[in-house]
>>> print(open('start-v2.pdb').read())   # PDB, C-alpha atoms and all ligand atoms
MODEL        1
ATOM      1  CA  MET H  14     -75.229-175.730 205.705
ATOM      2  CA  ALA H  15     -76.038-177.025 202.243
ATOM      3  CA  ASN H  16     -76.968-174.384 199.660
ATOM      4  CA  GLY H  17     -80.021-176.486 198.771
ATOM      5  CA  GLN H  18     -81.871-175.297 201.862
ATOM      6  CA  LEU H  19     -81.821-171.683 200.722
ATOM      7  CA  LYS H  20     -85.141-172.069 198.932
ATOM      8  CA  ASP H  21     -86.901-172.685 202.254
ATOM      9  CA  PHE H  22     -86.191-169.201 203.630
ATOM     10  CA  LYS H  23     -88.602-166.289 203.301
ATOM     11  CA  ARG H  24     -86.681-163.239 204.475
ATOM     12  CA  ILE H  25     -83.473-163.295 202.507
ATOM     13  CA  GLY H  26     -80.681-160.772 202.921
ATOM     14  CA  LEU H  27     -78.168-160.343 200.102
ATOM     15  CA  PHE H  28     -75.221-158.062 199.811
ATOM     16  CA  ASP H  29     -72.547-156.873 197.452
ATOM     17  CA  SER H  30     -70.216-153.899 197.155
ATOM     18  CA  GLY H  31     -72.639-152.468 194.587
ATOM     19  CA  VAL H  32     -75.018-153.624 191.849
ATOM     20  CA  GLY H  33     -73.208-156.901 191.102
ATOM     21  CA  GLY H  34     -75.319-158.872 193.556
ATOM     22  CA  LEU H  35     -78.366-158.018 191.449
ATOM     23  CA  SER H  36     -77.221-160.799 189.109
ATOM     24  CA  VAL H  37     -77.827-163.125 192.073
ATOM     25  CA  LEU H  38     -81.087-161.499 193.155
ATOM     26  CA  ARG H  39     -82.332-161.841 189.571
ATOM     27  CA  GLU H  40     -81.859-165.602 189.721
ATOM     28  CA  LEU H  41     -83.129-166.129 193.279
ATOM     29  CA  ALA H  42     -86.279-164.183 192.434
ATOM     30  CA  LYS H  43     -86.967-166.750 189.690
ATOM     31  CA  LEU H  44     -87.300-169.547 192.204
ATOM     32  CA  PRO H  45     -90.665-171.219 191.757
ATOM     33  CA  ALA H  46     -94.036-170.339 193.300
ATOM     34  CA  LEU H  47     -93.289-172.590 196.256
ATOM     35  CA  ALA H  48     -91.357-169.735 197.778
ATOM     36  CA  LYS H  49     -93.559-166.747 196.845
ATOM     37  CA  GLY H  50     -94.142-163.878 199.229
ATOM     38  CA  ARG H  51     -90.510-163.637 200.184
ATOM     39  CA  LYS H  52     -88.915-160.494 201.398
ATOM     40  CA  PHE H  53     -85.523-159.617 199.930
ATOM     41  CA  SER H  54     -83.286-157.053 201.629
ATOM     42  CA  TYR H  55     -80.319-156.100 199.470
ATOM     43  CA  VAL H  56     -77.316-154.124 200.668
ATOM     44  CA  GLY H  57     -75.067-152.427 198.109
ATOM     45  CA  ASP H  58     -72.076-150.962 199.906
ATOM     46  CA  THR H  59     -71.550-148.478 197.095
ATOM     47  CA  ALA H  60     -69.703-145.934 199.243
ATOM     48  CA  ARG H  61     -66.891-148.470 199.679
ATOM     49  CA  CYS H  62     -67.093-150.129 196.253
ATOM     50  CA  PRO H  63     -65.002-151.706 194.810
ATOM     51  CA  TYR H  64     -64.011-154.375 197.312
ATOM     52  CA  GLY H  65     -61.905-156.229 194.767
ATOM     53  CA  ASN H  66     -58.610-154.523 195.435
ATOM     54  CA  ARG H  67     -58.912-154.284 199.213
ATOM     55  CA  ASP H  68     -57.109-156.536 201.639
ATOM     56  CA  SER H  69     -58.830-159.406 203.416
ATOM     57  CA  ALA H  70     -58.903-157.781 206.857
ATOM     58  CA  GLU H  71     -60.757-154.777 205.495
ATOM     59  CA  ILE H  72     -63.256-156.966 203.651
ATOM     60  CA  VAL H  73     -63.845-159.083 206.773
ATOM     61  CA  ARG H  74     -64.665-155.877 208.690
ATOM     62  CA  TYR H  75     -67.120-154.629 206.048
ATOM     63  CA  VAL H  76     -68.774-158.036 205.829
ATOM     64  CA  ASP H  77     -69.178-158.178 209.622
ATOM     65  CA  GLU H  78     -70.878-154.797 209.551
ATOM     66  CA  ILE H  79     -73.247-155.756 206.745
ATOM     67  CA  VAL H  80     -74.089-159.105 208.361
ATOM     68  CA  ASP H  81     -75.032-157.230 211.551
ATOM     69  CA  PHE H  82     -77.129-154.773 209.558
ATOM     70  CA  LEU H  83     -79.034-157.531 207.744
ATOM     71  CA  VAL H  84     -79.584-159.489 210.945
ATOM     72  CA  GLY H  85     -81.012-156.227 212.350
ATOM     73  CA  LYS H  86     -83.452-156.290 209.391
ATOM     74  CA  ASN H  87     -84.670-159.632 210.659
ATOM     75  CA  VAL H  88     -83.566-161.760 207.702
ATOM     76  CA  ASP H  89     -83.613-165.508 208.175
ATOM     77  CA  ALA H  90     -80.800-166.250 205.695
ATOM     78  CA  ILE H  91     -77.953-164.288 204.151
ATOM     79  CA  VAL H  92     -76.554-164.761 200.655
ATOM     80  CA  MET H  93     -73.077-163.408 199.991
ATOM     81  CA  ALA H  94     -73.868-162.067 196.537
ATOM     82  CA  CYS H  95     -70.284-160.845 196.339
ATOM     83  CA  ASN H  96     -67.622-163.439 195.600
ATOM     84  CA  THR H  97     -64.827-161.197 196.835
ATOM     85  CA  SER H  98     -66.550-161.130 200.227
ATOM     86  CA  ALA H  99     -67.079-164.881 200.138
ATOM     87  CA  ALA H 100     -63.457-165.482 199.109
ATOM     88  CA  CYS H 101     -62.123-163.429 202.014
ATOM     89  CA  ALA H 102     -64.802-163.636 204.692
ATOM     90  CA  PHE H 103     -67.107-166.651 204.254
ATOM     91  CA  GLU H 104     -65.987-168.455 207.410
ATOM     92  CA  SER H 105     -65.994-165.299 209.524
ATOM     93  CA  ALA H 106     -69.484-164.357 208.251
ATOM     94  CA  GLN H 107     -70.739-167.833 209.122
ATOM     95  CA  LYS H 108     -69.308-167.509 212.609
ATOM     96  CA  ARG H 109     -70.735-164.048 213.141
ATOM     97  CA  SER H 110     -74.220-164.609 211.743
ATOM     98  CA  PRO H 111     -76.958-166.188 213.861
ATOM     99  CA  VAL H 112     -78.750-167.121 210.588
ATOM    100  CA  PRO H 113     -77.404-169.395 207.823
ATOM    101  CA  VAL H 114     -75.003-167.824 205.330
ATOM    102  CA  PHE H 115     -74.766-169.010 201.714
ATOM    103  CA  ASP H 116     -72.213-168.379 198.995
ATOM    104  CA  LEU H 117     -72.023-169.042 195.263
ATOM    105  CA  ILE H 118     -68.454-170.264 195.029
ATOM    106  CA  THR H 119     -69.013-173.706 196.574
ATOM    107  CA  THR H 120     -71.802-174.763 194.182
ATOM    108  CA  THR H 121     -70.022-173.264 191.169
ATOM    109  CA  ALA H 122     -66.732-175.010 191.923
ATOM    110  CA  GLU H 123     -68.571-178.337 192.266
ATOM    111  CA  TYR H 124     -70.347-177.783 188.962
ATOM    112  CA  ALA H 125     -67.159-176.738 187.125
ATOM    113  CA  ALA H 126     -65.176-179.668 188.515
ATOM    114  CA  GLY H 127     -67.861-182.011 187.163
ATOM    115  CA  LEU H 128     -67.395-180.702 183.606
ATOM    116  CA  ASN H 129     -63.816-181.946 183.577
ATOM    117  CA  LYS H 130     -62.583-179.235 181.193
ATOM    118  CA  LYS H 131     -59.909-176.561 181.456
ATOM    119  CA  VAL H 132     -61.421-173.777 183.580
ATOM    120  CA  GLY H 133     -60.920-170.037 183.278
ATOM    121  CA  VAL H 134     -62.072-167.767 186.079
ATOM    122  CA  MET H 135     -62.568-164.029 185.643
ATOM    123  CA  ALA H 136     -62.777-162.342 189.030
ATOM    124  CA  THR H 137     -61.552-159.439 191.130
ATOM    125  CA  ALA H 138     -57.907-159.174 192.194
ATOM    126  CA  SER H 139     -58.767-160.151 195.795
ATOM    127  CA  THR H 140     -60.662-163.259 194.681
ATOM    128  CA  VAL H 141     -57.844-164.269 192.337
ATOM    129  CA  ARG H 142     -55.296-163.732 195.137
ATOM    130  CA  SER H 143     -57.310-166.047 197.394
ATOM    131  CA  HIS H 144     -57.282-168.838 194.730
ATOM    132  CA  VAL H 145     -60.575-169.976 196.210
ATOM    133  CA  PHE H 146     -61.980-171.195 192.886
ATOM    134  CA  SER H 147     -58.906-173.227 191.923
ATOM    135  CA  ARG H 148     -58.571-174.613 195.459
ATOM    136  CA  LEU H 149     -62.177-175.830 195.565
ATOM    137  CA  ILE H 150     -62.192-177.142 192.000
ATOM    138  CA  LYS H 151     -58.901-178.997 192.484
ATOM    139  CA  SER H 152     -60.112-180.434 195.774
ATOM    140  CA  GLN H 153     -62.625-182.370 193.655
ATOM    141  CA  GLN H 154     -60.615-182.816 190.456
ATOM    142  CA  PRO H 155     -56.924-182.536 191.373
ATOM    143  CA  GLY H 156     -55.744-182.923 187.773
ATOM    144  CA  LEU H 157     -57.854-180.090 186.373
ATOM    145  CA  ASP H 158     -56.194-176.924 185.040
ATOM    146  CA  VAL H 159     -57.650-173.684 186.424
ATOM    147  CA  PHE H 160     -56.543-170.283 185.142
ATOM    148  CA  GLU H 161     -57.638-167.303 187.269
ATOM    149  CA  LEU H 162     -57.592-163.816 185.795
ATOM    150  CA  ALA H 163     -58.179-160.487 187.550
ATOM    151  CA  CYS H 164     -60.287-158.030 185.531
ATOM    152  CA  PRO H 165     -60.178-154.812 187.584
ATOM    153  CA  GLU H 166     -61.892-152.573 185.003
ATOM    154  CA  PHE H 167     -65.121-154.556 184.853
ATOM    155  CA  VAL H 168     -66.638-153.520 188.208
ATOM    156  CA  PRO H 169     -66.367-149.742 187.607
ATOM    157  CA  ILE H 170     -67.839-150.212 184.127
ATOM    158  CA  VAL H 171     -70.921-151.985 185.521
ATOM    159  CA  GLU H 172     -71.236-149.534 188.427
ATOM    160  CA  SER H 173     -71.171-146.598 186.010
ATOM    161  CA  GLY H 174     -74.442-147.705 184.466
ATOM    162  CA  TYR H 175     -72.919-147.193 181.015
ATOM    163  CA  ILE H 176     -72.166-150.756 180.030
ATOM    164  CA  ASP H 177     -72.900-150.390 176.328
ATOM    165  CA  GLN H 178     -70.046-148.010 175.517
ATOM    166  CA  ALA H 179     -67.451-148.754 172.847
ATOM    167  CA  THR H 180     -64.724-148.571 175.510
ATOM    168  CA  THR H 181     -66.317-151.510 177.373
ATOM    169  CA  MET H 182     -65.685-153.832 174.446
ATOM    170  CA  GLY H 183     -62.002-152.778 174.396
ATOM    171  CA  PHE H 184     -61.469-153.684 178.055
ATOM    172  CA  VAL H 185     -63.345-156.970 177.738
ATOM    173  CA  GLU H 186     -61.436-157.888 174.586
ATOM    174  CA  GLN H 187     -58.021-157.545 176.250
ATOM    175  CA  HIS H 188     -58.972-160.054 178.938
ATOM    176  CA  VAL H 189     -60.718-162.406 176.523
ATOM    177  CA  GLU H 190     -57.532-162.601 174.467
ATOM    178  CA  THR H 191     -55.570-163.637 177.565
ATOM    179  CA  LEU H 192     -58.134-166.339 178.306
ATOM    180  CA  LEU H 193     -58.140-167.663 174.759
ATOM    181  CA  LYS H 194     -54.337-167.885 174.789
ATOM    182  CA  GLN H 195     -54.683-170.129 177.832
ATOM    183  CA  GLU H 196     -57.090-172.334 175.829
ATOM    184  CA  VAL H 197     -59.708-172.462 178.563
ATOM    185  CA  GLU H 198     -62.819-174.437 177.678
ATOM    186  CA  VAL H 199     -65.198-173.073 180.308
ATOM    187  CA  LEU H 200     -65.288-169.622 181.859
ATOM    188  CA  ILE H 201     -66.609-168.892 185.347
ATOM    189  CA  LEU H 202     -67.848-165.333 185.806
ATOM    190  CA  GLY H 203     -66.244-165.219 189.237
ATOM    191  CA  CYS H 204     -67.458-161.760 190.213
ATOM    192  CA  THR H 205     -71.191-161.072 190.460
ATOM    193  CA  HIS H 206     -70.805-157.883 188.417
ATOM    194  CA  PHE H 207     -69.535-159.800 185.377
ATOM    195  CA  PRO H 208     -72.779-161.455 184.208
ATOM    196  CA  PHE H 209     -73.841-157.933 183.219
ATOM    197  CA  LEU H 210     -71.032-158.010 180.627
ATOM    198  CA  ARG H 211     -72.183-161.328 179.270
ATOM    199  CA  SER H 212     -73.268-160.079 175.853
ATOM    200  CA  GLN H 213     -69.809-158.546 175.257
ATOM    201  CA  LEU H 214     -68.152-161.763 176.417
ATOM    202  CA  GLU H 215     -70.391-163.934 174.256
ATOM    203  CA  TYR H 216     -69.715-161.752 171.242
ATOM    204  CA  LEU H 217     -65.955-162.030 171.692
ATOM    205  CA  LEU H 218     -65.829-165.699 172.666
ATOM    206  CA  LYS H 219     -67.957-166.683 169.646
ATOM    207  CA  GLY H 220     -69.183-169.881 171.261
ATOM    208  CA  ARG H 221     -65.647-171.228 171.738
ATOM    209  CA  VAL H 222     -65.911-171.227 175.537
ATOM    210  CA  GLN H 223     -68.840-172.245 177.758
ATOM    211  CA  ILE H 224     -69.780-169.367 180.082
ATOM    212  CA  ILE H 225     -70.806-170.196 183.655
ATOM    213  CA  ASP H 226     -72.820-167.652 185.641
ATOM    214  CA  PRO H 227     -72.589-168.819 189.287
ATOM    215  CA  ALA H 228     -76.001-167.320 190.096
ATOM    216  CA  VAL H 229     -77.601-169.487 187.417
ATOM    217  CA  VAL H 230     -75.739-172.542 188.733
ATOM    218  CA  LEU H 231     -77.057-171.792 192.220
ATOM    219  CA  ARG H 232     -80.627-171.280 190.995
ATOM    220  CA  GLU H 233     -80.548-174.483 188.946
ATOM    221  CA  HIS H 234     -79.098-176.321 191.924
ATOM    222  CA  LEU H 235     -81.954-175.024 194.093
ATOM    223  CA  THR H 236     -84.692-175.759 191.574
ATOM    224  CA  ALA H 237     -83.526-179.201 190.495
ATOM    225  CA  GLY H 238     -86.672-181.313 190.331
ATOM    226  CA  LEU H 239     -89.071-178.374 190.803
ATOM    227  CA  ASN H 240     -91.366-176.697 188.230
ATOM    228  CA  GLY H 241     -91.947-173.041 187.460
ATOM    229  CA  ASN H 242     -89.832-170.142 186.334
ATOM    230  CA  ASN H 243     -91.098-166.702 187.265
ATOM    231  CA  ASN H 244     -89.604-163.406 186.194
ATOM    232  CA  LEU H 245     -88.478-160.740 188.575
ATOM    233  CA  SER H 246     -91.194-158.386 187.291
ATOM    234  CA  CYS H 247     -94.158-160.668 187.990
ATOM    235  CA  THR H 248     -93.259-161.962 191.406
ATOM    236  CA  GLN H 249     -95.157-161.012 194.546
ATOM    237  CA  ASP H 250     -91.941-160.812 196.486
ATOM    238  CA  GLU H 251     -90.988-157.630 198.276
ATOM    239  CA  PHE H 252     -87.660-155.971 197.577
ATOM    240  CA  ASN H 253     -85.811-153.314 199.526
ATOM    241  CA  PHE H 254     -82.440-151.916 198.544
ATOM    242  CA  TYR H 255     -80.076-150.306 201.047
ATOM    243  CA  VAL H 256     -77.097-148.414 199.693
ATOM    244  CA  THR H 257     -74.271-146.559 201.398
ATOM    245  CA  GLY H 258     -73.647-144.260 198.407
ATOM    246  CA  SER H 259     -75.948-142.340 196.092
ATOM    247  CA  ALA H 260     -79.492-143.664 195.588
ATOM    248  CA  ASP H 261     -79.655-142.160 192.106
ATOM    249  CA  GLY H 262     -76.338-143.717 191.092
ATOM    250  CA  PHE H 263     -77.477-147.126 192.322
ATOM    251  CA  ALA H 264     -80.865-146.802 190.606
ATOM    252  CA  ARG H 265     -79.213-145.817 187.322
ATOM    253  CA  ALA H 266     -76.727-148.689 187.389
ATOM    254  CA  ALA H 267     -79.352-151.170 188.606
ATOM    255  CA  THR H 268     -81.747-150.168 185.852
ATOM    256  CA  SER H 269     -79.034-150.562 183.237
ATOM    257  CA  CYS H 270     -78.349-154.068 184.612
ATOM    258  CA  LEU H 271     -81.878-155.354 185.229
ATOM    259  CA  GLY H 272     -84.043-153.102 183.081
ATOM    260  CA  THR H 273     -86.133-152.357 186.161
ATOM    261  CA  LEU H 274     -85.660-151.913 189.889
ATOM    262  CA  PRO H 275     -88.396-153.801 191.738
ATOM    263  CA  GLY H 276     -88.322-151.885 195.045
ATOM    264  CA  PRO H 277     -87.321-148.697 196.840
ATOM    265  CA  VAL H 278     -83.710-147.627 197.396
ATOM    266  CA  HIS H 279     -82.915-146.480 200.938
ATOM    267  CA  VAL H 280     -79.728-144.582 201.616
ATOM    268  CA  ILE H 281     -77.970-145.663 204.769
ATOM    269  CA  SER H 282     -74.737-144.238 206.033
ATOM    270  CA  VAL H 283     -71.658-146.352 206.523
ATOM    271  CA  GLU H 284     -71.977-145.331 210.195
ATOM    272  CA  GLN H 285     -75.469-146.847 210.252
ATOM    273  CA  ILE H 286     -74.093-150.079 208.845
ATOM    274  CA  SER H 287     -71.337-149.951 211.454
ATOM    275  CA  GLU H 288     -73.720-149.009 214.250
ATOM    276  CA  GLN H 289     -74.011-152.426 215.765
ATOM    277  CA  SER H 290     -70.329-153.164 215.364
ATOM    278  CA  LEU H 291     -69.550-149.809 216.907
ATOM    279  CA  MET H 292     -71.912-150.687 219.726
ATOM    280  CA  GLU H 293     -70.046-153.937 220.171
ATOM    281  CA  LYS H 294     -66.751-152.111 220.198
ATOM    282  CA  ILE H 295     -68.056-149.777 222.914
ATOM    283  CA  THR H 296     -69.424-152.767 224.804
ATOM    284  CA  ASP H 297     -66.018-154.436 224.539
ATOM    285  CA  VAL H 298     -64.375-151.346 226.039
ATOM    286  CA  VAL H 299     -66.942-151.271 228.856
ATOM    287  CA  ILE H 300     -66.448-154.991 229.530
ATOM    288  CA  ALA H 301     -62.662-154.623 229.478
ATOM    289  CA  ALA H 302     -62.910-151.698 231.905
ATOM    290  CA  ALA H 303     -65.307-153.627 234.165
ATOM    291  CA  GLU H 304     -63.035-156.665 234.127
ATOM    292  CA  SER H 305     -60.019-154.599 235.006
ATOM    293  CA  MET H 306     -62.017-153.352 238.002
ATOM    294  CA  THR H 307     -62.400-156.918 239.276
ATOM    295  CA  SER H 308     -58.687-157.117 239.799
ATOM    296  CA  PRO H 309     -58.156-155.291 243.073
ATOM    297  CA  VAL H 310     -57.536-151.610 242.678
ATOM    298  CA  VAL H 311     -55.951-151.565 246.107
ATOM    299  CA  PRO H 312     -53.436-154.347 246.656
ATOM    300  CA  SER H 313     -54.856-156.842 249.143
ATOM    301  CA  THR H 314     -51.752-156.741 251.200
ATOM    302  CA  VAL H 315     -51.135-153.157 251.933
ATOM    303  CA  ALA H 316     -47.708-152.454 253.109
ATOM    304  CA  PRO H 317     -47.772-151.098 256.618
TER     305      PRO H 317
HETATM  306  N1  LIG H 401     -69.336-158.125 192.934
HETATM  307  C1  LIG H 401     -68.291-158.459 193.796
HETATM  308  C2  LIG H 401     -67.708-159.815 193.546
HETATM  309  O1  LIG H 401     -68.443-160.706 193.238
HETATM  310  C3  LIG H 401     -67.339-157.369 194.223
HETATM  311  C4  LIG H 401     -66.730-156.507 193.189
HETATM  312  C5  LIG H 401     -65.883-155.385 193.769
HETATM  313  O2  LIG H 401     -66.409-154.613 194.566
HETATM  314  O3  LIG H 401     -64.701-155.298 193.418
HETATM  315  O4  LIG H 401     -66.547-160.067 193.689
ENDMDL
END
>>> encode(input="start-v2.pdb", output="structure tokens")
Amino acid sequence: MANGQLKDFKRIGLFDSGVGGLSVLRELAKLPALAKGRKFSYVGDTARCPYGNRDSAEIVRYVDEIVDFLVGKNVDAIVMACNTSAACAFESAQKRSPVPVFDLITTTAEYAAGLNKKVGVMATASTVRSHVFSRLIKSQQPGLDVFELACPEFVPIVESGYIDQATTMGFVEQHVETLLKQEVEVLILGCTHFPFLRSQLEYLLKGRVQIIDPAVVLREHLTAGLNGNNNLSCTQDEFNFYVTGSADGFARAATSCLGTLPGPVHVISVEQISEQSLMEKITDVVIAAAESMTSPVVPSTVAP
């Protein structure tokens, strides 16, 4: 389904491993008055964060569980506000979900391909391993150079809620140097946590590289031709946050990212998130047992 239809939904579920997806929520909440009165349900799987160095099978399992949880919350669309999840589990989430699932990578890759400049992508190790950005960009512009770089320190920095520490600049600088050596002209913030390090990146890049925040690309794509630009703080939308880790930790990190948290934080256990999947697993066992019963327990031809 085309990303453009996302603006028509009113009960939107988003998820990420932690606070990174708030960079997406921030942009979606700015969608114009047309879509006011929406209900946003946000899952931050903080107990299992980071996702970025996990293998695909594990990420697919977590995504399945979160999709089930959000569907249980009665959402009518799901946004994968976690590019690692989208890189590893977009197709499986689409198959599993009875409601439309949207990602950020598709729109961003289209936009970047259109710029026709050497692209740098900063992302998690799992996203880089998938090469999803380069694959999609090159599918549109085969000649374009795409350099993907894993930045494993960035997610814990943002999750800590202490972004403005001197040490942050040191970590960001190392990776910026690598990018500059590659002479990239545009930089995709390929993990939803990274827009919260934008001021450090801008400071170090000194205007030499155009920064692309995929959430902004998605919002602009959705609002093309529409008027209005509301802030998160003045919307009449309703926000609920569900986290698998500490509520206080999430609130602290979220406040350091957004300045404010526009709704309550509910702590849910990983078991709760898995509940439906667990139920399905039990159902599968029951079905398998029932099916095995249909094959005759007593051989039809009993030896005399
Ligand atoms: N924010 C996520 C992403 O966009 C996941 C980061 C992580 O948990 O490693 O990739």
>>> closest_residue(input="start-v2.pdb", among="H:Thr137, H:Asn253, H:Gln153, H:Thr273", to="H:Ala125", atoms="all atoms listed in the file")
H:Gln153
>>> closest_residue(input="start-v2.pdb", among="H:Gln213, H:Phe254, H:Ala267, H:Asn66", to="H:Pro165", atoms="all atoms listed in the file")
H:Asn66
>>> atom_distance(input="start-v2.pdb", atom1="atom CA of H:Lys194", atom2="atom CA of H:Glu161")
12.9 Å
>>> residues_around(input="start-v2.pdb", residues="H:Val230", least_positions_apart="6", cutoff="8 Å", atoms="only C-alpha atoms", output="count of residues only")
3
>>> residues_around(input="start-v2.pdb", residues="H:Asp250", least_positions_apart="5", cutoff="6 Å", atoms="all atoms listed in the file", output="list in words")
Gly50, Arg51 and Lys52 of chain H
>>> closest_atom_pairs(input="start-v2.pdb", of="chain H", to="ligand LIG 401 (chain H)", cutoff="9 Å", atoms="all atoms listed in the file", output="tab-separated table")
residue	atom	partner	partner_atom	distance
H:Asp29	CA	H:LIG401	N1	5.7
H:Ser30	CA	H:LIG401	O2	4.7
H:Gly31	CA	H:LIG401	O2	6.6
H:Val32	CA	H:LIG401	N1	7.3
H:Gly33	CA	H:LIG401	N1	4.5
H:Gly34	CA	H:LIG401	N1	6.1
H:Asp58	CA	H:LIG401	O2	8.6
H:Thr59	CA	H:LIG401	O2	8.4
H:Arg61	CA	H:LIG401	O2	8.0
H:Cys62	CA	H:LIG401	O2	4.8
H:Pro63	CA	H:LIG401	O2	3.2
H:Tyr64	CA	H:LIG401	O2	3.7
H:Gly65	CA	H:LIG401	O3	3.2
H:Asn66	CA	H:LIG401	O3	6.5
H:Arg67	CA	H:LIG401	O3	8.3
H:Met93	CA	H:LIG401	O1	8.6
H:Ala94	CA	H:LIG401	O1	6.5
H:Cys95	CA	H:LIG401	O1	3.6
H:Asn96	CA	H:LIG401	O1	3.7
H:Thr97	CA	H:LIG401	O4	3.8
H:Ser98	CA	H:LIG401	O4	6.6
H:Ala99	CA	H:LIG401	O4	8.1
H:Ala100	CA	H:LIG401	O4	8.3
H:Ala136	CA	H:LIG401	O4	6.4
H:Thr137	CA	H:LIG401	O4	5.6
H:Ala138	CA	H:LIG401	O3	7.9
H:Ser139	CA	H:LIG401	O3	8.0
H:Thr140	CA	H:LIG401	O4	6.8
H:Pro165	CA	H:LIG401	O3	7.4
H:Phe167	CA	H:LIG401	O3	8.6
H:Val168	CA	H:LIG401	C4	5.8
H:Pro169	CA	H:LIG401	O3	8.2
H:Leu202	CA	H:LIG401	O1	8.8
H:Gly203	CA	H:LIG401	O1	6.4
H:Cys204	CA	H:LIG401	O1	3.4
H:Thr205	CA	H:LIG401	O1	3.9
H:His206	CA	H:LIG401	N1	4.8
H:Phe207	CA	H:LIG401	N1	7.7
>>> atom_distance(input="start-v2.pdb", atom1="atom CA of H:Val222", atom2="atom CA of H:Lys151")
19.9 Å
>>> atom_distance(input="start-v2.pdb", atom1="atom CA of H:Cys164", atom2="atom CA of H:Arg211")
13.8 Å
